[in-house]
Structures are given as C-alpha cells and as structure tokens.
>>> print(open('data22.cif').read())   # mmCIF, C-alpha atoms
data_model
#
loop_
_atom_site.group_PDB
_atom_site.id
_atom_site.type_symbol
_atom_site.label_atom_id
_atom_site.label_comp_id
_atom_site.auth_asym_id
_atom_site.auth_seq_id
_atom_site.Cartn_x
_atom_site.Cartn_y
_atom_site.Cartn_z
ATOM 1 C CA MET A 37 3.827 -18.294 -12.975
ATOM 2 C CA PRO A 38 7.603 -17.545 -12.932
ATOM 3 C CA ALA A 39 8.703 -14.644 -10.721
ATOM 4 C CA ASP A 40 10.222 -12.660 -13.638
ATOM 5 C CA GLU A 41 6.919 -12.855 -15.538
ATOM 6 C CA ILE A 42 5.072 -11.598 -12.468
ATOM 7 C CA VAL A 43 7.471 -8.635 -12.236
ATOM 8 C CA ARG A 44 6.937 -7.845 -15.928
ATOM 9 C CA LYS A 45 3.164 -7.969 -15.586
ATOM 10 C CA ASN A 46 3.254 -5.803 -12.463
ATOM 11 C CA ARG A 47 5.088 -2.883 -14.139
ATOM 12 C CA VAL A 48 1.952 -0.774 -13.932
ATOM 13 C CA ILE A 49 0.699 1.621 -11.300
ATOM 14 C CA LYS A 50 -1.460 -0.048 -8.674
ATOM 15 C CA SER A 51 -3.437 1.180 -5.730
ATOM 16 C CA MET A 52 -3.051 -0.515 -2.363
ATOM 17 C CA THR A 53 -6.719 -1.446 -1.993
ATOM 18 C CA GLY A 54 -8.634 -4.296 -3.575
ATOM 19 C CA PHE A 55 -10.130 -7.761 -3.235
ATOM 20 C CA GLY A 56 -9.558 -11.082 -4.964
ATOM 21 C CA ARG A 57 -10.996 -14.593 -4.704
ATOM 22 C CA GLY A 58 -9.661 -17.923 -5.938
ATOM 23 C CA ARG A 59 -11.144 -21.414 -6.001
ATOM 24 C CA GLU A 60 -9.367 -24.659 -6.829
ATOM 25 C CA GLY A 61 -10.389 -28.238 -6.188
ATOM 26 C CA ASN A 62 -10.218 -31.923 -7.052
ATOM 27 C CA PHE A 63 -12.608 -34.833 -6.533
ATOM 28 C CA ASN A 64 -12.417 -34.701 -2.714
ATOM 29 C CA VAL A 65 -11.282 -31.221 -1.676
ATOM 30 C CA GLU A 66 -12.028 -27.609 -2.580
ATOM 31 C CA VAL A 67 -9.807 -24.725 -1.438
ATOM 32 C CA ILE A 68 -11.132 -21.143 -1.498
ATOM 33 C CA SER A 69 -8.793 -18.188 -0.935
ATOM 34 C CA GLU A 70 -9.808 -14.571 -0.365
ATOM 35 C CA VAL A 71 -7.379 -11.647 -0.282
ATOM 36 C CA ARG A 72 -8.165 -8.117 0.898
ATOM 37 C CA ALA A 73 -5.652 -5.259 0.725
ATOM 38 C CA LEU A 74 -5.695 -1.828 2.379
ATOM 39 C CA ASN A 75 -3.323 1.122 2.732
ATOM 40 C CA HIS A 76 -0.199 0.669 4.817
ATOM 41 C CA ARG A 77 3.283 2.142 4.812
ATOM 42 C CA PHE A 78 4.899 -1.291 4.690
ATOM 43 C CA LEU A 79 3.931 -4.845 3.723
ATOM 44 C CA ASP A 80 1.880 -6.344 6.562
ATOM 45 C CA VAL A 81 0.455 -9.788 5.766
ATOM 46 C CA SER A 82 -2.037 -11.642 7.951
ATOM 47 C CA ILE A 83 -2.933 -15.232 6.944
ATOM 48 C CA ARG A 84 -5.760 -17.374 8.339
ATOM 49 C CA LEU A 85 -5.460 -21.069 7.467
ATOM 50 C CA PRO A 86 -7.157 -24.353 8.331
ATOM 51 C CA ARG A 87 -5.259 -26.048 11.137
ATOM 52 C CA ILE A 88 -3.932 -28.789 8.897
ATOM 53 C CA TYR A 89 -2.493 -26.138 6.535
ATOM 54 C CA THR A 90 -0.498 -24.351 9.247
ATOM 55 C CA GLY A 91 2.785 -25.619 7.809
ATOM 56 C CA PHE A 92 1.984 -23.930 4.478
ATOM 57 C CA GLU A 93 2.133 -20.412 5.931
ATOM 58 C CA PRO A 94 5.802 -19.528 5.177
ATOM 59 C CA HIS A 95 5.407 -20.651 1.563
ATOM 60 C CA LEU A 96 2.127 -18.768 1.092
ATOM 61 C CA ARG A 97 3.661 -15.607 2.579
ATOM 62 C CA LYS A 98 6.397 -15.712 -0.045
ATOM 63 C CA ILE A 99 3.774 -15.956 -2.779
ATOM 64 C CA VAL A 100 1.962 -12.881 -1.439
ATOM 65 C CA ALA A 101 5.274 -10.968 -1.420
ATOM 66 C CA GLU A 102 5.747 -11.808 -5.124
ATOM 67 C CA TYR A 103 2.593 -9.881 -5.955
ATOM 68 C CA ILE A 104 2.499 -7.107 -3.346
ATOM 69 C CA SER A 105 5.276 -4.862 -1.996
ATOM 70 C CA ARG A 106 3.295 -2.511 0.239
ATOM 71 C CA GLY A 107 -0.063 -2.555 2.013
ATOM 72 C CA LYS A 108 -1.980 -4.346 4.753
ATOM 73 C CA VAL A 109 -3.012 -7.706 3.293
ATOM 74 C CA ASP A 110 -5.508 -10.107 4.876
ATOM 75 C CA VAL A 111 -5.484 -13.642 3.430
ATOM 76 C CA SER A 112 -8.129 -16.220 4.292
ATOM 77 C CA VAL A 113 -7.844 -19.833 3.066
ATOM 78 C CA GLN A 114 -10.713 -22.273 3.622
ATOM 79 C CA ARG A 115 -10.704 -26.019 2.928
ATOM 80 C CA TYR A 116 -13.904 -27.905 2.136
ATOM 81 C CA GLY A 117 -14.286 -31.636 1.624
ATOM 82 C CA THR A 118 -13.480 -34.993 3.196
ATOM 83 C CA SER A 119 -10.679 -35.478 5.706
ATOM 84 C CA GLY A 120 -10.177 -39.203 5.229
ATOM 85 C CA ALA A 121 -7.230 -38.753 2.913
ATOM 86 C CA VAL A 122 -5.281 -36.571 5.342
ATOM 87 C CA MET A 123 -6.264 -38.074 8.717
ATOM 88 C CA ASP A 124 -5.626 -41.422 10.432
ATOM 89 C CA VAL A 125 -7.174 -42.760 13.631
ATOM 90 C CA THR A 126 -5.005 -44.583 16.171
ATOM 91 C CA VAL A 127 -6.007 -46.670 19.202
ATOM 92 C CA ASP A 128 -3.922 -46.711 22.380
ATOM 93 C CA TYR A 129 -4.552 -50.338 23.405
ATOM 94 C CA ASP A 130 -2.340 -50.150 26.464
ATOM 95 C CA LEU A 131 -4.220 -47.102 27.771
ATOM 96 C CA ALA A 132 -7.569 -48.763 26.981
ATOM 97 C CA GLU A 133 -6.543 -51.849 28.931
ATOM 98 C CA ARG A 134 -5.533 -49.721 31.932
ATOM 99 C CA TYR A 135 -8.832 -47.829 31.806
ATOM 100 C CA HIS A 136 -10.763 -51.119 31.603
ATOM 101 C CA ARG A 137 -8.891 -52.661 34.523
ATOM 102 C CA CYS A 138 -9.384 -49.552 36.632
ATOM 103 C CA LEU A 139 -13.109 -49.442 35.889
ATOM 104 C CA GLN A 140 -13.530 -53.149 36.664
ATOM 105 C CA GLU A 141 -11.823 -52.625 40.043
ATOM 106 C CA LEU A 142 -14.088 -49.649 40.694
ATOM 107 C CA LYS A 143 -17.149 -51.705 39.780
ATOM 108 C CA SER A 144 -16.078 -54.527 42.113
ATOM 109 C CA ALA A 145 -15.201 -52.189 44.996
ATOM 110 C CA LEU A 146 -18.540 -50.363 44.849
ATOM 111 C CA GLY A 147 -20.662 -53.345 43.929
ATOM 112 C CA LEU A 148 -21.895 -51.816 40.712
ATOM 113 C CA ALA A 149 -23.966 -53.808 38.211
ATOM 114 C CA GLY A 150 -23.714 -53.875 34.435
ATOM 115 C CA ASP A 151 -21.018 -54.384 31.810
ATOM 116 C CA LEU A 152 -18.717 -51.828 30.164
ATOM 117 C CA THR A 153 -19.441 -51.171 26.489
ATOM 118 C CA VAL A 154 -17.229 -49.936 23.662
ATOM 119 C CA ALA A 155 -19.270 -46.738 23.476
ATOM 120 C CA GLU A 156 -18.555 -46.013 27.141
ATOM 121 C CA MET A 157 -14.850 -46.738 26.656
ATOM 122 C CA LEU A 158 -14.678 -44.297 23.736
ATOM 123 C CA THR A 159 -15.784 -41.458 26.007
ATOM 124 C CA LEU A 160 -12.494 -41.781 27.893
ATOM 125 C CA LYS A 161 -9.748 -39.456 26.794
ATOM 126 C CA GLU A 162 -6.994 -40.366 24.340
ATOM 127 C CA ILE A 163 -7.966 -43.978 23.768
ATOM 128 C CA VAL A 164 -8.818 -43.103 20.169
ATOM 129 C CA SER A 165 -6.892 -40.183 18.629
ATOM 130 C CA PRO A 166 -7.008 -38.620 15.163
ATOM 131 C CA GLN A 167 -3.576 -38.161 13.542
ATOM 132 C CA GLU A 168 -2.656 -35.977 10.612
ATOM 133 C CA ARG A 169 -0.926 -37.623 7.661
ATOM 134 C CA GLU A 170 1.782 -35.127 6.779
ATOM 135 C CA ASP A 171 2.590 -36.818 3.482
ATOM 136 C CA GLN A 172 -1.011 -36.480 2.300
ATOM 137 C CA ILE A 173 -1.386 -32.910 3.589
ATOM 138 C CA GLU A 174 1.672 -31.835 1.586
ATOM 139 C CA LYS A 175 -0.071 -33.032 -1.567
ATOM 140 C CA GLU A 176 -2.671 -30.293 -1.049
ATOM 141 C CA LEU A 177 -0.064 -27.504 -1.017
ATOM 142 C CA GLU A 178 -0.276 -27.156 -4.802
ATOM 143 C CA LEU A 179 -4.054 -26.818 -4.538
ATOM 144 C CA ALA A 180 -3.746 -24.083 -1.889
ATOM 145 C CA GLU A 181 -1.076 -22.285 -3.931
ATOM 146 C CA ARG A 182 -3.160 -22.268 -7.117
ATOM 147 C CA SER A 183 -6.154 -20.964 -5.195
ATOM 148 C CA LEU A 184 -4.080 -18.176 -3.606
ATOM 149 C CA ARG A 185 -2.475 -17.131 -6.897
ATOM 150 C CA GLU A 186 -5.899 -16.932 -8.521
ATOM 151 C CA ALA A 187 -7.076 -14.665 -5.686
ATOM 152 C CA LEU A 188 -3.938 -12.507 -5.966
ATOM 153 C CA ASP A 189 -4.416 -12.183 -9.732
ATOM 154 C CA GLY A 190 -7.966 -10.959 -9.130
ATOM 155 C CA LEU A 191 -6.736 -8.563 -6.453
ATOM 156 C CA ASN A 192 -4.084 -7.165 -8.776
ATOM 157 C CA ASP A 193 -6.604 -6.652 -11.584
ATOM 158 C CA MET A 194 -8.692 -4.509 -9.248
ATOM 159 C CA ARG A 195 -5.647 -2.650 -7.949
ATOM 160 C CA LYS A 196 -4.437 -1.928 -11.493
ATOM 161 C CA THR A 197 -7.811 -0.542 -12.561
ATOM 162 C CA GLU A 198 -7.989 1.729 -9.533
ATOM 163 C CA GLY A 199 -4.320 2.684 -9.822
ATOM 164 C CA GLU A 200 -4.740 3.698 -13.461
ATOM 165 C CA ALA A 201 -7.663 5.976 -12.603
ATOM 166 C CA MET A 202 -5.720 7.550 -9.750
ATOM 167 C CA TRP A 203 -2.637 8.095 -11.903
ATOM 168 C CA ASN A 204 -4.691 9.782 -14.621
ATOM 169 C CA ASP A 205 -5.984 12.203 -12.000
ATOM 170 C CA ILE A 206 -2.472 12.811 -10.639
ATOM 171 C CA ARG A 207 -1.101 13.356 -14.140
ATOM 172 C CA SER A 208 -3.752 15.982 -14.906
ATOM 173 C CA ARG A 209 -2.902 17.818 -11.678
ATOM 174 C CA LEU A 210 0.819 17.710 -12.468
ATOM 175 C CA SER A 211 0.061 19.200 -15.874
ATOM 176 C CA ALA A 212 -1.885 21.974 -14.146
ATOM 177 C CA ILE A 213 1.083 22.685 -11.834
ATOM 178 C CA LYS A 214 3.450 22.771 -14.782
ATOM 179 C CA GLU A 215 1.187 25.159 -16.689
ATOM 180 C CA LEU A 216 0.893 27.468 -13.672
ATOM 181 C CA ALA A 217 4.671 27.446 -13.221
ATOM 182 C CA GLU A 218 5.045 28.486 -16.861
ATOM 183 C CA ARG A 219 2.668 31.386 -16.224
ATOM 184 C CA VAL A 220 4.716 32.484 -13.212
ATOM 185 C CA ALA A 221 7.991 32.698 -15.205
ATOM 186 C CA PRO A 222 7.080 35.842 -17.226
ATOM 187 C CA LEU A 223 5.623 37.453 -14.105
ATOM 188 C CA VAL A 224 9.041 37.227 -12.464
ATOM 189 C CA ASP A 225 10.481 39.453 -15.199
ATOM 190 C CA GLN A 226 7.930 42.113 -14.326
ATOM 191 C CA VAL A 227 8.971 42.282 -10.665
ATOM 192 C CA PRO A 228 11.770 44.928 -11.069
ATOM 193 C CA ALA A 229 9.519 47.346 -12.969
ATOM 194 C CA GLN A 230 6.693 46.871 -10.483
ATOM 195 C CA ALA A 231 9.091 47.290 -7.556
ATOM 196 C CA ARG A 232 10.495 50.516 -9.049
ATOM 197 C CA ALA A 233 7.014 51.946 -9.585
ATOM 198 C CA ARG A 234 5.954 51.112 -6.016
ATOM 199 C CA LEU A 235 9.157 52.514 -4.582
ATOM 200 C CA GLU A 236 8.943 55.755 -6.571
ATOM 201 C CA ARG A 237 5.326 56.216 -5.557
ATOM 202 C CA ARG A 238 6.122 55.632 -1.895
ATOM 203 C CA ILE A 239 9.070 58.018 -1.908
ATOM 204 C CA GLN A 240 7.001 60.707 -3.604
ATOM 205 C CA GLU A 241 4.319 60.296 -0.961
ATOM 206 C CA LEU A 242 6.832 60.580 1.870
ATOM 207 C CA THR A 243 8.951 63.444 0.465
ATOM 208 C CA GLY A 244 6.270 65.487 -1.212
ATOM 209 C CA GLY A 245 7.805 65.382 -4.656
ATOM 210 C CA MET A 246 11.530 65.580 -3.827
ATOM 211 C CA GLU A 247 13.871 64.721 -6.697
ATOM 212 C CA LEU A 248 14.984 61.075 -6.545
ATOM 213 C CA ASN A 249 18.564 59.817 -6.589
ATOM 214 C CA GLU A 250 18.549 57.500 -9.585
ATOM 215 C CA ASP A 251 21.581 55.462 -8.489
ATOM 216 C CA ARG A 252 20.179 54.910 -5.028
ATOM 217 C CA LEU A 253 16.791 54.021 -6.480
ATOM 218 C CA MET A 254 18.331 51.459 -8.816
ATOM 219 C CA GLN A 255 20.232 49.870 -5.935
ATOM 220 C CA GLU A 256 17.030 49.419 -3.943
ATOM 221 C CA VAL A 257 15.199 48.051 -6.962
ATOM 222 C CA ALA A 258 18.055 45.609 -7.608
ATOM 223 C CA LEU A 259 17.900 44.359 -4.006
ATOM 224 C CA ILE A 260 14.142 43.853 -4.195
ATOM 225 C CA ALA A 261 14.470 42.045 -7.519
ATOM 226 C CA GLU A 262 17.198 39.783 -6.146
ATOM 227 C CA ARG A 263 15.128 38.826 -3.090
ATOM 228 C CA ALA A 264 12.101 38.144 -5.297
ATOM 229 C CA ASP A 265 13.961 36.124 -7.941
ATOM 230 C CA VAL A 266 12.353 32.680 -8.049
ATOM 231 C CA THR A 267 13.955 31.439 -11.264
ATOM 232 C CA GLU A 268 15.847 28.698 -9.417
ATOM 233 C CA GLU A 269 12.728 27.543 -7.568
ATOM 234 C CA LEU A 270 10.750 27.408 -10.791
ATOM 235 C CA THR A 271 13.478 25.354 -12.471
ATOM 236 C CA ARG A 272 13.521 22.836 -9.609
ATOM 237 C CA LEU A 273 9.721 22.758 -9.540
ATOM 238 C CA GLN A 274 9.591 21.869 -13.234
ATOM 239 C CA SER A 275 12.290 19.234 -12.695
ATOM 240 C CA HIS A 276 10.344 17.613 -9.839
ATOM 241 C CA VAL A 277 7.184 17.475 -11.955
ATOM 242 C CA ASP A 278 9.119 15.814 -14.805
ATOM 243 C CA GLN A 279 10.629 13.294 -12.355
ATOM 244 C CA PHE A 280 7.184 12.570 -10.939
ATOM 245 C CA LEU A 281 5.857 11.748 -14.407
ATOM 246 C CA ALA A 282 8.947 9.658 -15.213
ATOM 247 C CA PHE A 283 8.515 7.566 -12.070
ATOM 248 C CA GLY A 284 4.946 6.873 -13.127
ATOM 249 C CA SER A 285 6.171 5.135 -16.287
ATOM 250 C CA GLU A 286 8.182 2.694 -14.122
ATOM 251 C CA GLY A 287 5.060 1.272 -12.481
ATOM 252 C CA SER A 288 4.581 0.113 -8.904
ATOM 253 C CA PRO A 289 6.114 0.042 -6.392
ATOM 254 C CA LEU A 290 6.599 3.806 -6.519
ATOM 255 C CA GLY A 291 4.631 5.238 -3.577
ATOM 256 C CA ARG A 292 7.673 6.115 -1.457
ATOM 257 C CA LYS A 293 9.487 7.777 -4.349
ATOM 258 C CA LEU A 294 6.449 9.936 -5.010
ATOM 259 C CA GLU A 295 6.105 10.820 -1.337
ATOM 260 C CA PHE A 296 9.689 12.132 -1.373
ATOM 261 C CA LEU A 297 9.067 14.170 -4.521
ATOM 262 C CA LEU A 298 5.910 15.613 -2.999
ATOM 263 C CA GLN A 299 7.951 16.886 -0.070
ATOM 264 C CA GLU A 300 10.335 18.555 -2.510
ATOM 265 C CA LEU A 301 7.465 20.081 -4.491
ATOM 266 C CA HIS A 302 5.937 21.445 -1.317
ATOM 267 C CA ARG A 303 9.277 22.900 -0.230
ATOM 268 C CA GLU A 304 9.780 24.723 -3.527
ATOM 269 C CA LEU A 305 6.241 26.101 -3.434
ATOM 270 C CA ASN A 306 6.736 27.362 0.125
ATOM 271 C CA THR A 307 9.897 29.184 -0.952
ATOM 272 C CA LEU A 308 8.144 30.489 -4.049
ATOM 273 C CA GLY A 309 5.300 31.823 -1.918
ATOM 274 C CA SER A 310 7.574 33.486 0.635
ATOM 275 C CA LYS A 311 9.591 35.239 -2.096
ATOM 276 C CA SER A 312 6.606 36.296 -4.174
ATOM 277 C CA ALA A 313 6.661 40.070 -4.766
ATOM 278 C CA SER A 314 3.538 39.912 -6.883
ATOM 279 C CA THR A 315 -0.051 39.112 -5.973
ATOM 280 C CA ASP A 316 -0.394 37.311 -9.304
ATOM 281 C CA ILE A 317 2.528 35.016 -8.451
ATOM 282 C CA ALA A 318 1.128 34.443 -4.946
ATOM 283 C CA SER A 319 -2.298 33.468 -6.307
ATOM 284 C CA HIS A 320 -0.698 30.942 -8.688
ATOM 285 C CA VAL A 321 1.309 29.487 -5.795
ATOM 286 C CA VAL A 322 -1.855 29.005 -3.722
ATOM 287 C CA ILE A 323 -3.487 27.043 -6.561
ATOM 288 C CA MET A 324 -0.363 24.908 -7.055
ATOM 289 C CA LYS A 325 -0.256 24.089 -3.335
ATOM 290 C CA ALA A 326 -3.883 22.969 -3.480
ATOM 291 C CA GLU A 327 -3.047 20.677 -6.397
ATOM 292 C CA VAL A 328 -0.072 19.207 -4.520
ATOM 293 C CA GLU A 329 -2.279 18.410 -1.522
ATOM 294 C CA LYS A 330 -4.781 16.616 -3.762
ATOM 295 C CA ILE A 331 -1.911 14.653 -5.324
ATOM 296 C CA ARG A 332 -0.683 13.743 -1.847
ATOM 297 C CA GLU A 333 -4.077 12.273 -0.985
ATOM 298 C CA GLN A 334 -3.990 10.113 -4.098
ATOM 299 C CA THR A 335 -0.356 9.082 -3.642
ATOM 300 C CA GLN A 336 -1.036 7.738 -0.160
ATOM 301 C CA ASN A 337 -3.094 4.970 -1.786
ATOM 302 C CA LEU A 338 -0.514 4.006 -4.429
ATOM 303 C CA GLU A 339 1.729 0.998 -3.950
#
>>> encode(input="data22.cif", output="structure tokens")
Amino acid sequence: MPADEIVRKNRVIKSMTGFGRGREGNFNVEVISEVRALNHRFLDVSIRLPRIYTGFEPHLRKIVAEYISRGKVDVSVQRYGTSGAVMDVTVDYDLAERYHRCLQELKSALGLAGDLTVAEMLTLKEIVSPQEREDQIEKELELAERSLREALDGLNDMRKTEGEAMWNDIRSRLSAIKELAERVAPLVDQVPAQARARLERRIQELTGGMELNEDRLMQEVALIAERADVTEELTRLQSHVDQFLAFGSEGSPLGRKLEFLLQELHRELNTLGSKSASTDIASHVVIMKAEVEKIREQTQNLE
C-alpha cells in the first residue's frame, strides 16, 4: 500500500493499544507476524525475527513507522517450513583430511583397533557447515512484509475502534465543560451586587448601623469585582475546548497536542477557582476540574 494512502486511511483517532496478526505463505514457507502495542510517550519498536531474517529488520522497522507514530510496539515474526531453498551445506575437505591424518597417527601411536567411519568424522567440528543463501533469503522479504502489513492493518483496526470510543467519551466531557463555563458567565455579572451586599452587611455589623460612605463603598465593591472578574479566563477556556475538538477532527497523531491543551485548560481552571468570589462559581470549577482529569486519563492512551 502506498505511503500516502496509508496516511489518508490513518486520519482517524487511534488508541495506542491493540493487537494484530498476519499470515502469508507459499508452497514451502509460511510467515506469521504478530504485533502488540501499548502506551508510550514515543515510538519504541522491538522486533523478534528468525535468524535468517535478521537483515530484514531495518526495512520492517520502516514499515512499522508508516503505521504507528507513538507507542511501545512488540513485533514477532515466525517462519515455518523447509530450509532447503535458503540453506546450502559445504564440506571442508582440507580440514577433513587433516582430521583423518591426525586420527590415523593417534590410532597408530596408541595401537588402537578399528576403522574410522564417515559418521565418526561428521562429529568433528566444522567439517560440514550449513551456509545461508542470501539470494534466496531475500526472496522471502516480500512474504515477511506482506505478513507484517496484514498484522499492522489488524492492529490499526483495533486501535481505531478503541480510539473512536475514547474520543466519544472525551467529546462528551468537553461538552460538559463548555456548558458549565456558559453557566459561570452570568454568575460573574452577579459578583458586584453580591460583594456590595456582603460588604454592607459586614460594615453594619461592625459599626452598629453607622451611615455608609457611598463613594468609598463603591470603590471597595469595584476592587472586589475587578479581582473576581474571570471573563478573560472563561474566554480562553472556551477557546481551548474549541481547539481540542478541532484537533480531534485531524485524527492521530494528536496525543501531544491534546496533552498541551490539557495543561492550558487546567491552568485556566486553577485561575478561575482562585478568583471565584461565588460558591456557585467554585462548585462549577470543581466539576470542570474533575472532567479535565478524566479527559487526561483518556488522552494518555491516544496516539
């Protein structure tokens, strides 16, 4: 599959966990690939291959990187079938002759009886050696690649299904945050009146009914209202939520972008909570923080 087509197909939200299996074969050989993926901040690929496929590793790593941008990925490739097509056997005649001469001298020196057999000679090291046929091994690269791509396709199907479910949950929580922020906005307008009432009541309690200086009272109320004004925080909070939803339409990889936005959301909510001059506003902030934490848990598993 061309790389640009893979990119187009992958423009969906995916989790970082999943499993896929691929099987490809011909008349003599069957190659089975299994891919497991878990959470990880970066792309960490581990590949286990048959010894004769060791040279395939760089190429197979590139294929994995076409499908996955983040996560801990374990790839296992197994080869089943005959080895005759990819192995040769060579005989070191010079070494065999040296062994034979040495053993004959030993036999003569010690007065040993009996004759040397081929079976006994074959027990000696390196007389007969298996040799890999690189040209034939390379012919199996296409088989290994097809098997791996099939496994990665299966892995991605699982990751997409899980990612879609997670994003639906995140989207519902973002909607809840946005709705709560909209409820907070009118409460902010009530802060000056509430501050004036509290201040008047407190002054009356302390002075025993002394006449209030209206100008001075208004100054204090204005200061309280200014400190409690969270209009800017609410605007940024709404903007971050909109950005979060917009990033979701881009598809994976998006985990790091969302992690950054979560930090910004948390910062605005902390400021909102510290400036809250109303118990109603504070209670809404607590609920929004809880939603952000649940979103953070989900985001940590998104690619």
>>> residues_around(input="data22.cif", residues="Arg115 of chain A", least_positions_apart="3", cutoff="12 Å", atoms="only C-alpha atoms", output="list of chain:residue names")
A:Arg59, A:Glu60, A:Gly61, A:Asn62, A:Asn64, A:Val65, A:Glu66, A:Val67, A:Ile68, A:Ser69, A:Glu70, A:Arg84, A:Leu85, A:Pro86, A:Arg87, A:Ile88, A:Tyr89, A:Ser112, A:Thr118, A:Ser119, A:Ile173, A:Glu176, A:Leu177, A:Leu179, A:Ala180, A:Ser183
>>> write_last_selection(input="data22.cif", atoms="C-alpha atoms", output="CSV table (one decimal), in the coordinates of the input")
chain,number,residue,atom,x,y,z
A,59,ARG,CA,-11.1,-21.4,-6.0
A,60,GLU,CA,-9.4,-24.7,-6.8
A,61,GLY,CA,-10.4,-28.2,-6.2
A,62,ASN,CA,-10.2,-31.9,-7.1
A,64,ASN,CA,-12.4,-34.7,-2.7
A,65,VAL,CA,-11.3,-31.2,-1.7
A,66,GLU,CA,-12.0,-27.6,-2.6
A,67,VAL,CA,-9.8,-24.7,-1.4
A,68,ILE,CA,-11.1,-21.1,-1.5
A,69,SER,CA,-8.8,-18.2,-0.9
A,70,GLU,CA,-9.8,-14.6,-0.4
A,84,ARG,CA,-5.8,-17.4,8.3
A,85,LEU,CA,-5.5,-21.1,7.5
A,86,PRO,CA,-7.2,-24.4,8.3
A,87,ARG,CA,-5.3,-26.0,11.1
A,88,ILE,CA,-3.9,-28.8,8.9
A,89,TYR,CA,-2.5,-26.1,6.5
A,112,SER,CA,-8.1,-16.2,4.3
A,118,THR,CA,-13.5,-35.0,3.2
A,119,SER,CA,-10.7,-35.5,5.7
A,173,ILE,CA,-1.4,-32.9,3.6
A,176,GLU,CA,-2.7,-30.3,-1.0
A,177,LEU,CA,-0.1,-27.5,-1.0
A,179,LEU,CA,-4.1,-26.8,-4.5
A,180,ALA,CA,-3.7,-24.1,-1.9
A,183,SER,CA,-6.2,-21.0,-5.2
>>> atom_distance(input="data22.cif", atom1="atom CA of Met202 of chain A", atom2="atom CA of Val328 of chain A")
14.0 Å
>>> atom_distance(input="data22.cif", atom1="atom CA of Leu79 of chain A", atom2="atom CA of Ser288 of chain A")
13.6 Å
>>> resolve_selection(input="data22.cif", expression="the PyMOL selection byres ((chain A and resi 72) around 7)", output="list in words")
Gly54, Phe55, Gly56, Glu70, Val71, Ala73, Leu74, Val109, Asp110 and Val111 of chain A
>>> closest_residue(input="data22.cif", among="A:Leu146, A:Lys108, A:Ala326, A:Leu216", to="Ser82 of chain A", atoms="all atoms listed in the file")
A:Lys108
>>> atom_distance(input="data22.cif", atom1="atom CA of Val321 of chain A", atom2="atom CA of Leu338 of chain A")
25.6 Å
>>> resolve_selection(input="data22.cif", expression="the PyMOL selection byres ((chain A and resi 190-192) around 9)", output="compact mmCIF listing (two decimals) with C-alpha atoms, in the frame of the given file")
# COMPACT_ATOMS: atom_id res chain seq x y z
CA ASN A 46 3.25 -5.80 -12.46
CA LYS A 50 -1.46 -0.05 -8.67
CA SER A 51 -3.44 1.18 -5.73
CA THR A 53 -6.72 -1.45 -1.99
CA GLY A 54 -8.63 -4.30 -3.58
CA PHE A 55 -10.13 -7.76 -3.24
CA GLY A 56 -9.56 -11.08 -4.96
CA ARG A 57 -11.00 -14.59 -4.70
CA GLY A 58 -9.66 -17.92 -5.94
CA VAL A 71 -7.38 -11.65 -0.28
CA ARG A 72 -8.16 -8.12 0.90
CA ALA A 73 -5.65 -5.26 0.72
CA TYR A 103 2.59 -9.88 -5.96
CA ILE A 104 2.50 -7.11 -3.35
CA ARG A 185 -2.48 -17.13 -6.90
CA GLU A 186 -5.90 -16.93 -8.52
CA ALA A 187 -7.08 -14.66 -5.69
CA LEU A 188 -3.94 -12.51 -5.97
CA ASP A 189 -4.42 -12.18 -9.73
CA ASP A 193 -6.60 -6.65 -11.58
CA MET A 194 -8.69 -4.51 -9.25
CA ARG A 195 -5.65 -2.65 -7.95
CA LYS A 196 -4.44 -1.93 -11.49
CA THR A 197 -7.81 -0.54 -12.56
>>> resolve_selection(input="data22.cif", expression="the PyMOL selection byres ((chain A and resi 323) around 12)", output="list in words")
Arg209, Leu210, Ala212, Ile213, Lys214, Glu215, Leu216, Ala217, Val220, Leu305, Gly309, Asp316, Ile317, Ala318, Ser319, His320, Val321, Val322, Met324, Lys325, Ala326, Glu327, Val328, Glu329 and Lys330 of chain A
>>> closest_residue(input="data22.cif", among="A:Asp151, A:Arg207, A:Thr315, A:Thr271", to="Phe283 of chain A", atoms="all atoms listed in the file")
A:Arg207
>>> closest_residue(input="data22.cif", among="A:Ala145, A:Leu273, A:Ser211, A:Thr267", to="Leu223 of chain A", atoms="all atoms listed in the file")
A:Thr267
>>> closest_residue(input="data22.cif", among="A:Leu281, A:Thr335, A:Asn306, A:Gly199", to="Val48 of chain A", atoms="only C-alpha atoms")
A:Gly199
>>> closest_residue(input="data22.cif", among="A:Glu200, A:Glu133, A:Glu218, A:Glu269", to="Gln334 of chain A", atoms="only C-alpha atoms")
A:Glu200
